[in-house]
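Student: I am sharing run-v8.cif, which consists of mmCIF, N, CA and C atoms:
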data_structure
loop_
_atom_site.label_atom_id
_atom_site.label_comp_id
_atom_site.auth_asym_id
_atom_site.auth_seq_id
_atom_site.Cartn_x
_atom_site.Cartn_y
_atom_site.Cartn_z
N MET D 1407 -7.06 9.77 4.71
CA MET D 1407 -7.29 8.89 5.83
C MET D 1407 -6.52 7.59 5.60
N ALA D 1408 -5.87 7.09 6.61
CA ALA D 1408 -5.07 5.87 6.51
C ALA D 1408 -5.96 4.65 6.28
N PHE D 1409 -5.41 3.66 5.60
CA PHE D 1409 -6.14 2.43 5.33
C PHE D 1409 -6.67 1.81 6.62
N SER D 1410 -5.85 1.78 7.66
CA SER D 1410 -6.25 1.15 8.92
C SER D 1410 -7.53 1.78 9.48
N VAL D 1411 -7.58 3.09 9.46
CA VAL D 1411 -8.74 3.82 9.98
C VAL D 1411 -9.96 3.58 9.09
N ARG D 1412 -9.73 3.64 7.79
CA ARG D 1412 -10.84 3.46 6.83
C ARG D 1412 -11.43 2.06 6.94
N LEU D 1413 -10.60 1.04 7.05
CA LEU D 1413 -11.08 -0.33 7.16
C LEU D 1413 -11.96 -0.50 8.40
N LYS D 1414 -11.49 0.02 9.51
CA LYS D 1414 -12.26 -0.09 10.75
C LYS D 1414 -13.59 0.65 10.63
N GLU D 1415 -13.55 1.85 10.06
CA GLU D 1415 -14.79 2.62 9.88
C GLU D 1415 -15.81 1.86 9.02
N LEU D 1416 -15.33 1.28 7.93
CA LEU D 1416 -16.23 0.56 7.04
C LEU D 1416 -16.80 -0.69 7.72
N ARG D 1417 -15.96 -1.39 8.46
CA ARG D 1417 -16.43 -2.58 9.18
C ARG D 1417 -17.50 -2.20 10.19
N GLN D 1418 -17.26 -1.14 10.94
CA GLN D 1418 -18.22 -0.69 11.95
C GLN D 1418 -19.50 -0.17 11.30
N ARG D 1419 -19.37 0.49 10.18
CA ARG D 1419 -20.54 0.98 9.46
C ARG D 1419 -21.47 -0.17 9.09
N GLU D 1420 -20.88 -1.31 8.75
CA GLU D 1420 -21.66 -2.49 8.37
C GLU D 1420 -22.03 -3.36 9.57
N ASN D 1421 -21.70 -2.88 10.77
CA ASN D 1421 -21.98 -3.63 12.01
C ASN D 1421 -21.40 -5.04 11.98
N MET D 1422 -20.18 -5.14 11.50
CA MET D 1422 -19.50 -6.43 11.43
C MET D 1422 -18.47 -6.54 12.55
N THR D 1423 -18.27 -7.76 13.02
CA THR D 1423 -17.18 -8.00 13.95
C THR D 1423 -15.91 -8.20 13.14
N GLN D 1424 -14.78 -8.16 13.81
CA GLN D 1424 -13.52 -8.41 13.12
C GLN D 1424 -13.50 -9.84 12.57
N ALA D 1425 -14.08 -10.78 13.32
CA ALA D 1425 -14.13 -12.17 12.87
C ALA D 1425 -14.98 -12.31 11.61
N GLU D 1426 -16.09 -11.61 11.56
CA GLU D 1426 -16.95 -11.66 10.38
C GLU D 1426 -16.25 -11.08 9.16
N LEU D 1427 -15.57 -9.97 9.36
CA LEU D 1427 -14.82 -9.35 8.26
C LEU D 1427 -13.71 -10.27 7.79
N ALA D 1428 -13.00 -10.86 8.73
CA ALA D 1428 -11.92 -11.78 8.39
C ALA D 1428 -12.44 -12.94 7.54
N SER D 1429 -13.54 -13.50 7.96
CA SER D 1429 -14.13 -14.62 7.22
C SER D 1429 -14.54 -14.19 5.81
N ALA D 1430 -15.16 -13.03 5.70
CA ALA D 1430 -15.62 -12.54 4.41
C ALA D 1430 -14.46 -12.26 3.44
N LEU D 1431 -13.31 -11.86 4.00
CA LEU D 1431 -12.17 -11.49 3.16
C LEU D 1431 -11.11 -12.60 3.07
N GLY D 1432 -11.36 -13.70 3.77
CA GLY D 1432 -10.45 -14.84 3.67
C GLY D 1432 -9.13 -14.68 4.40
N VAL D 1433 -9.16 -13.97 5.52
CA VAL D 1433 -7.97 -13.82 6.36
C VAL D 1433 -8.33 -14.19 7.79
N THR D 1434 -7.36 -14.16 8.68
CA THR D 1434 -7.62 -14.46 10.08
C THR D 1434 -8.10 -13.22 10.82
N SER D 1435 -8.74 -13.45 11.95
CA SER D 1435 -9.16 -12.32 12.80
C SER D 1435 -7.94 -11.52 13.25
N ARG D 1436 -6.85 -12.22 13.53
CA ARG D 1436 -5.60 -11.55 13.96
C ARG D 1436 -5.12 -10.60 12.86
N ALA D 1437 -5.24 -11.03 11.61
CA ALA D 1437 -4.82 -10.16 10.48
C ALA D 1437 -5.64 -8.88 10.48
N ILE D 1438 -6.95 -8.99 10.68
CA ILE D 1438 -7.81 -7.79 10.71
C ILE D 1438 -7.40 -6.88 11.85
N ILE D 1439 -7.08 -7.45 13.00
CA ILE D 1439 -6.62 -6.64 14.14
C ILE D 1439 -5.36 -5.88 13.75
N TYR D 1440 -4.41 -6.57 13.14
CA TYR D 1440 -3.17 -5.93 12.71
C TYR D 1440 -3.45 -4.82 11.69
N TYR D 1441 -4.33 -5.10 10.73
CA TYR D 1441 -4.64 -4.11 9.71
C TYR D 1441 -5.31 -2.88 10.31
N GLU D 1442 -6.26 -3.09 11.21
CA GLU D 1442 -6.99 -1.96 11.80
C GLU D 1442 -6.15 -1.13 12.75
N THR D 1443 -5.13 -1.73 13.33
CA THR D 1443 -4.26 -0.97 14.23
C THR D 1443 -3.04 -0.40 13.50
N GLY D 1444 -2.94 -0.70 12.20
CA GLY D 1444 -1.83 -0.17 11.42
C GLY D 1444 -0.51 -0.88 11.67
N GLN D 1445 -0.54 -2.02 12.35
CA GLN D 1445 0.69 -2.76 12.62
C GLN D 1445 1.20 -3.49 11.38
N ARG D 1446 0.26 -3.86 10.49
CA ARG D 1446 0.61 -4.53 9.25
C ARG D 1446 -0.33 -4.04 8.15
N ILE D 1447 0.08 -4.33 6.92
CA ILE D 1447 -0.80 -4.04 5.78
C ILE D 1447 -0.96 -5.32 4.96
N PRO D 1448 -2.09 -5.47 4.32
CA PRO D 1448 -2.24 -6.63 3.43
C PRO D 1448 -1.23 -6.52 2.29
N LYS D 1449 -0.61 -7.63 1.97
CA LYS D 1449 0.41 -7.64 0.92
C LYS D 1449 -0.20 -7.74 -0.47
N ASP D 1450 -1.35 -8.36 -0.54
CA ASP D 1450 -1.96 -8.68 -1.83
C ASP D 1450 -3.02 -7.65 -2.21
N MET D 1451 -2.90 -7.08 -3.42
CA MET D 1451 -3.89 -6.10 -3.88
C MET D 1451 -5.29 -6.71 -3.97
N ASP D 1452 -5.36 -8.03 -4.12
CA ASP D 1452 -6.67 -8.68 -4.18
C ASP D 1452 -7.47 -8.44 -2.90
N PHE D 1453 -6.79 -8.36 -1.77
CA PHE D 1453 -7.47 -8.07 -0.50
C PHE D 1453 -8.19 -6.73 -0.59
N TYR D 1454 -7.50 -5.73 -1.10
CA TYR D 1454 -8.07 -4.39 -1.20
C TYR D 1454 -9.24 -4.37 -2.18
N LYS D 1455 -9.07 -5.09 -3.28
CA LYS D 1455 -10.14 -5.16 -4.27
C LYS D 1455 -11.38 -5.84 -3.70
N LYS D 1456 -11.18 -6.95 -2.96
CA LYS D 1456 -12.31 -7.64 -2.32
C LYS D 1456 -13.01 -6.72 -1.33
N ALA D 1457 -12.22 -6.03 -0.51
CA ALA D 1457 -12.80 -5.12 0.49
C ALA D 1457 -13.56 -4.00 -0.19
N SER D 1458 -12.99 -3.48 -1.27
CA SER D 1458 -13.63 -2.41 -2.02
C SER D 1458 -14.99 -2.87 -2.55
N GLN D 1459 -15.03 -4.06 -3.10
CA GLN D 1459 -16.29 -4.60 -3.63
C GLN D 1459 -17.28 -4.90 -2.51
N MET D 1460 -16.78 -5.49 -1.44
CA MET D 1460 -17.66 -5.86 -0.34
C MET D 1460 -18.32 -4.63 0.30
N PHE D 1461 -17.54 -3.58 0.49
CA PHE D 1461 -18.07 -2.37 1.12
C PHE D 1461 -18.69 -1.40 0.11
N LYS D 1462 -18.60 -1.76 -1.18
CA LYS D 1462 -19.14 -0.94 -2.25
C LYS D 1462 -18.57 0.48 -2.24
N VAL D 1463 -17.24 0.53 -2.16
CA VAL D 1463 -16.52 1.80 -2.20
C VAL D 1463 -15.42 1.70 -3.25
N PRO D 1464 -15.03 2.81 -3.85
CA PRO D 1464 -13.94 2.76 -4.82
C PRO D 1464 -12.63 2.36 -4.14
N LEU D 1465 -11.80 1.64 -4.86
CA LEU D 1465 -10.50 1.22 -4.33
C LEU D 1465 -9.71 2.42 -3.82
N GLU D 1466 -9.82 3.53 -4.54
CA GLU D 1466 -9.08 4.75 -4.16
C GLU D 1466 -9.49 5.28 -2.79
N SER D 1467 -10.69 4.93 -2.34
CA SER D 1467 -11.11 5.41 -1.02
C SER D 1467 -10.51 4.56 0.10
N LEU D 1468 -10.00 3.38 -0.24
CA LEU D 1468 -9.33 2.54 0.75
C LEU D 1468 -7.85 2.85 0.86
N LEU D 1469 -7.24 3.12 -0.28
CA LEU D 1469 -5.79 3.31 -0.34
C LEU D 1469 -5.44 4.63 -1.00
N SER D 1470 -4.57 5.37 -0.36
CA SER D 1470 -4.04 6.56 -1.03
C SER D 1470 -3.01 6.09 -2.06
N GLU D 1471 -2.59 6.96 -2.94
CA GLU D 1471 -1.55 6.60 -3.92
C GLU D 1471 -0.28 6.17 -3.21
N ARG D 1472 0.03 6.84 -2.14
CA ARG D 1472 1.25 6.51 -1.40
C ARG D 1472 1.14 5.12 -0.77
N GLU D 1473 -0.02 4.82 -0.19
CA GLU D 1473 -0.22 3.50 0.40
C GLU D 1473 -0.18 2.42 -0.69
N GLU D 1474 -0.76 2.70 -1.82
CA GLU D 1474 -0.75 1.73 -2.92
C GLU D 1474 0.68 1.47 -3.38
N PHE D 1475 1.49 2.51 -3.43
CA PHE D 1475 2.90 2.38 -3.79
C PHE D 1475 3.62 1.44 -2.82
N VAL D 1476 3.38 1.61 -1.54
CA VAL D 1476 4.02 0.76 -0.52
C VAL D 1476 3.53 -0.68 -0.66
N VAL D 1477 2.23 -0.86 -0.85
CA VAL D 1477 1.68 -2.21 -1.02
C VAL D 1477 2.29 -2.90 -2.23
N ASN D 1478 2.40 -2.18 -3.33
CA ASN D 1478 2.98 -2.76 -4.54
C ASN D 1478 4.45 -3.12 -4.33
N ALA D 1479 5.18 -2.29 -3.60
CA ALA D 1479 6.59 -2.59 -3.30
C ALA D 1479 6.68 -3.84 -2.43
N TYR D 1480 5.78 -3.94 -1.47
CA TYR D 1480 5.73 -5.10 -0.57
C TYR D 1480 5.43 -6.37 -1.37
N ALA D 1481 4.46 -6.31 -2.24
CA ALA D 1481 4.09 -7.47 -3.06
C ALA D 1481 5.24 -7.86 -3.99
N GLU D 1482 5.93 -6.87 -4.49
CA GLU D 1482 7.02 -7.10 -5.44
C GLU D 1482 8.26 -7.67 -4.78
N GLY D 1483 8.62 -7.14 -3.62
CA GLY D 1483 9.92 -7.52 -3.05
C GLY D 1483 9.95 -7.85 -1.58
N GLY D 1484 8.79 -8.00 -0.98
CA GLY D 1484 8.76 -8.38 0.43
C GLY D 1484 9.02 -7.21 1.37
N ILE D 1485 9.34 -7.57 2.58
CA ILE D 1485 9.47 -6.58 3.67
C ILE D 1485 10.58 -5.57 3.40
N THR D 1486 11.67 -5.99 2.77
CA THR D 1486 12.78 -5.07 2.49
C THR D 1486 12.33 -3.96 1.55
N GLU D 1487 11.63 -4.33 0.48
CA GLU D 1487 11.14 -3.32 -0.46
C GLU D 1487 10.06 -2.45 0.16
N LYS D 1488 9.24 -3.05 1.02
CA LYS D 1488 8.21 -2.28 1.73
C LYS D 1488 8.87 -1.19 2.57
N ARG D 1489 9.91 -1.55 3.28
CA ARG D 1489 10.61 -0.57 4.13
C ARG D 1489 11.27 0.53 3.29
N LYS D 1490 11.84 0.15 2.16
CA LYS D 1490 12.44 1.15 1.27
C LYS D 1490 11.37 2.12 0.75
N ALA D 1491 10.23 1.55 0.36
CA ALA D 1491 9.14 2.39 -0.15
C ALA D 1491 8.61 3.31 0.94
N GLU D 1492 8.46 2.79 2.15
CA GLU D 1492 7.99 3.63 3.27
C GLU D 1492 8.98 4.75 3.55
N ALA D 1493 10.27 4.45 3.47
CA ALA D 1493 11.29 5.48 3.69
C ALA D 1493 11.21 6.55 2.60
N LEU D 1494 11.02 6.11 1.37
CA LEU D 1494 10.88 7.07 0.26
C LEU D 1494 9.67 7.96 0.46
N VAL D 1495 8.55 7.36 0.86
CA VAL D 1495 7.34 8.14 1.11
C VAL D 1495 7.56 9.13 2.25
N ALA D 1496 8.22 8.68 3.31
CA ALA D 1496 8.48 9.57 4.45
C ALA D 1496 9.38 10.73 4.04
N GLU D 1497 10.42 10.43 3.27
CA GLU D 1497 11.32 11.48 2.82
C GLU D 1497 10.61 12.47 1.89
N ALA D 1498 9.78 11.93 1.01
CA ALA D 1498 9.03 12.80 0.11
C ALA D 1498 8.07 13.67 0.91
N GLY D 1499 7.45 13.09 1.93
CA GLY D 1499 6.54 13.86 2.79
C GLY D 1499 7.26 15.00 3.48
N ALA D 1500 8.47 14.71 3.95
CA ALA D 1500 9.26 15.76 4.61
C ALA D 1500 9.63 16.85 3.62
N LEU D 1501 9.90 16.46 2.39
CA LEU D 1501 10.23 17.42 1.34
C LEU D 1501 9.07 18.38 1.10
N PHE D 1502 7.86 17.84 1.16
CA PHE D 1502 6.67 18.65 0.87
C PHE D 1502 6.16 19.45 2.06
N ALA D 1503 6.55 19.08 3.26
CA ALA D 1503 6.02 19.71 4.46
C ALA D 1503 6.32 21.21 4.47
N GLY D 1504 5.28 21.98 4.60
CA GLY D 1504 5.44 23.42 4.71
C GLY D 1504 5.89 24.11 3.44
N GLY D 1505 5.93 23.39 2.35
CA GLY D 1505 6.40 23.98 1.09
C GLY D 1505 5.32 24.77 0.39
N ALA D 1506 5.72 25.38 -0.70
CA ALA D 1506 4.80 26.22 -1.46
C ALA D 1506 4.25 25.50 -2.68
N LEU D 1507 4.48 24.19 -2.79
CA LEU D 1507 3.99 23.45 -3.94
C LEU D 1507 2.47 23.25 -3.83
N THR D 1508 1.82 23.31 -4.97
CA THR D 1508 0.39 23.00 -5.00
C THR D 1508 0.23 21.49 -4.86
N ASP D 1509 -0.99 21.04 -4.53
CA ASP D 1509 -1.24 19.61 -4.43
C ASP D 1509 -0.96 18.91 -5.75
N GLU D 1510 -1.29 19.57 -6.84
CA GLU D 1510 -1.04 19.00 -8.17
C GLU D 1510 0.46 18.82 -8.40
N ASP D 1511 1.26 19.81 -8.01
CA ASP D 1511 2.71 19.71 -8.16
C ASP D 1511 3.28 18.62 -7.25
N LYS D 1512 2.77 18.53 -6.03
CA LYS D 1512 3.22 17.48 -5.10
C LYS D 1512 2.93 16.11 -5.68
N ASP D 1513 1.74 15.94 -6.25
CA ASP D 1513 1.39 14.66 -6.87
C ASP D 1513 2.34 14.34 -8.01
N ALA D 1514 2.66 15.34 -8.81
CA ALA D 1514 3.56 15.13 -9.95
C ALA D 1514 4.95 14.72 -9.48
N VAL D 1515 5.45 15.38 -8.44
CA VAL D 1515 6.77 15.03 -7.90
C VAL D 1515 6.73 13.61 -7.33
N PHE D 1516 5.70 13.29 -6.58
CA PHE D 1516 5.61 11.97 -5.99
C PHE D 1516 5.52 10.90 -7.08
N TYR D 1517 4.75 11.16 -8.11
CA TYR D 1517 4.63 10.22 -9.23
C TYR D 1517 6.01 10.01 -9.87
N ALA D 1518 6.76 11.08 -10.06
CA ALA D 1518 8.09 10.97 -10.65
C ALA D 1518 9.02 10.14 -9.76
N LEU D 1519 8.91 10.32 -8.46
CA LEU D 1519 9.72 9.52 -7.52
C LEU D 1519 9.36 8.04 -7.62
N GLN D 1520 8.07 7.76 -7.71
CA GLN D 1520 7.64 6.36 -7.86
C GLN D 1520 8.21 5.76 -9.14
N GLU D 1521 8.09 6.49 -10.23
CA GLU D 1521 8.60 6.00 -11.50
C GLU D 1521 10.10 5.75 -11.42
N ALA D 1522 10.83 6.64 -10.78
CA ALA D 1522 12.28 6.47 -10.63
C ALA D 1522 12.60 5.24 -9.80
N TYR D 1523 11.83 5.03 -8.76
CA TYR D 1523 12.01 3.86 -7.89
C TYR D 1523 11.84 2.56 -8.68
N TRP D 1524 10.70 2.46 -9.42
CA TRP D 1524 10.43 1.22 -10.17
C TRP D 1524 11.43 1.04 -11.32
N PHE D 1525 11.84 2.12 -11.95
CA PHE D 1525 12.84 2.03 -13.02
C PHE D 1525 14.16 1.51 -12.47
N ALA D 1526 14.61 2.07 -11.35
CA ALA D 1526 15.87 1.64 -10.74
C ALA D 1526 15.79 0.17 -10.33
N LYS D 1527 14.67 -0.23 -9.79
CA LYS D 1527 14.48 -1.62 -9.38
C LYS D 1527 14.59 -2.55 -10.58
N LYS D 1528 13.94 -2.17 -11.68
CA LYS D 1528 13.97 -2.98 -12.91
C LYS D 1528 15.39 -3.07 -13.46
N GLU D 1529 16.10 -1.94 -13.48
CA GLU D 1529 17.47 -1.93 -13.98
C GLU D 1529 18.40 -2.77 -13.10
N ASN D 1530 18.21 -2.68 -11.79
CA ASN D 1530 19.03 -3.49 -10.88
C ASN D 1530 18.78 -4.98 -11.10
N LYS D 1531 17.53 -5.34 -11.34
CA LYS D 1531 17.19 -6.74 -11.60
C LYS D 1531 17.93 -7.23 -12.84
N LYS D 1532 17.94 -6.40 -13.89
CA LYS D 1532 18.63 -6.76 -15.13
C LYS D 1532 20.12 -6.94 -14.87
N LYS D 1533 20.71 -5.98 -14.15
CA LYS D 1533 22.14 -5.99 -13.88
C LYS D 1533 22.52 -7.24 -13.10
N TYR D 1534 21.76 -7.55 -12.06
CA TYR D 1534 22.12 -8.68 -11.22
C TYR D 1534 21.81 -10.02 -11.88
N SER D 1535 20.81 -10.06 -12.74
CA SER D 1535 20.53 -11.31 -13.44
C SER D 1535 21.62 -11.60 -14.47
N LYS D 1536 22.20 -10.55 -15.07
CA LYS D 1536 23.30 -10.74 -16.02
C LYS D 1536 24.55 -11.24 -15.30
N ARG D 1537 24.79 -10.74 -14.10
CA ARG D 1537 25.96 -11.19 -13.33
C ARG D 1537 25.87 -12.67 -13.02
N GLY D 1538 24.67 -13.13 -12.70
CA GLY D 1538 24.47 -14.53 -12.36
C GLY D 1538 24.67 -15.46 -13.54
N LYS D 1539 24.53 -14.94 -14.76
CA LYS D 1539 24.66 -15.76 -15.97
C LYS D 1539 26.09 -15.85 -16.46
N SER D 1540 26.97 -15.03 -15.96
CA SER D 1540 28.36 -15.01 -16.43
C SER D 1540 29.11 -16.24 -15.98
#
How does the structure come out when it is put into structure tokens?

Tutor:
Amino acid sequence: MAFSVRLKELRQRENMTQAELASALGVTSRAIIYYETGQRIPKDMDFYKKASQMFKVPLESLLSEREEFVVNAYAEGGITEKRKAEALVAEAGALFAGGALTDEDKDAVFYALQEAYWFAKKENKKKYSKRGKS
């Protein structure tokens, strides 16, 4: 289930308005609207942790591994990295669609893709920081 859907479900379960949720989590009502409609995602993992604690649900029930990957990319590098991560997730999803891989194998492949992404990002940072020092 997508974060946007889960957040709305949890808010409604607690009979909270969007304004009440926004106040409790330290964001604007407009931000909650964006989050619940899937137009935006919170950039900061602290938001997810606060929501998890407030609703008394495990963090994993708010965010899938793929969503967490995108959030971490967004926090690390802004909108450009978020878009790259979303594209990677979409491509990986297309790779898995209709395939014969087990869920365990799909998870392993996706994990390997994430590791490759973060490794390449780290190496690029090193390369470009060395260029700037020359």

Student: Can you work out the spacing between CA of Glu1442 in chain D and CA of Arg1417 in chain D in Å, to one decimal?

Tutor: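 CA of Glu1442 in chain D sits 9.8 Å away from CA of Arg1417 in chain D.
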
Student: Given the file above and the PyMOL selection byres ((chain D and resi 1472-1479) around 6.5), which residues are selected, and can you give them as a list of chain:residue names?

Tutor: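 For this structure, the PyMOL selection byres ((chain D and resi 1472-1479) around 6.5) resolves to D:Pro1448, D:Lys1449, D:Leu1469, D:Ser1470, D:Glu1471, D:Tyr1480, D:Ala1481, D:Glu1482, D:Gly1483, D:Gly1484, D:Glu1487, D:Lys1488, D:Ala1491, D:Glu1492.
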
Student: Rounded to one decimal, what separation in Å do you get between CA of Lys1531 in chain D and atom N of Lys1455 in chain D?

Tutor: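 Spanning CA of Lys1531 in chain D to atom N of Lys1455 in chain D is a straight-line distance of 27.6 Å.
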
Student: Please compute the CA of Glu1466 in chain D-CA of Tyr1454 in chain D distance, one decimal, in Å.

Tutor: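 Between these atoms lies a distance of 9.7 Å.
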
Student: Got a sec to tell me which of range 1407-1538 of chain D DSSP assigns to helix (DSSP H, G or I), as a PyMOL selection string?

Tutor: chain D and resi 1409-1419+1424-1431+1435-1443+1451-1461+1465-1468+1471-1502+1509-1538

Student: Using only N, CA and C atoms, pick whichever of D:Ile1438, D:Leu1431, D:Ala1526, D:Leu1519 has the shortest atom-to-atom distance to Phe1453 in chain D.

Tutor: D:Leu1431

Student: Restricting the calculation to only N, CA and C atoms, which member of D:Asn1421, D:Ser1467, D:Gly1432, D:Ala1457 is positioned closest to Met1407 in chain D?

Tutor: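 Among D:Asn1421, D:Ser1467, D:Gly1432, D:Ala1457, it is D:Ser1467 that comes nearest to Met1407 in chain D.
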
Student: I need the residue nearest Tyr1517 in chain D from this list: D:Ala1430, D:Gly1444, D:Ala1498, D:Asp1452. Use only C-alpha atoms for the distance.

Tutor: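 That would be D:Ala1498, the residue with the smallest distance to Tyr1517 in chain D.
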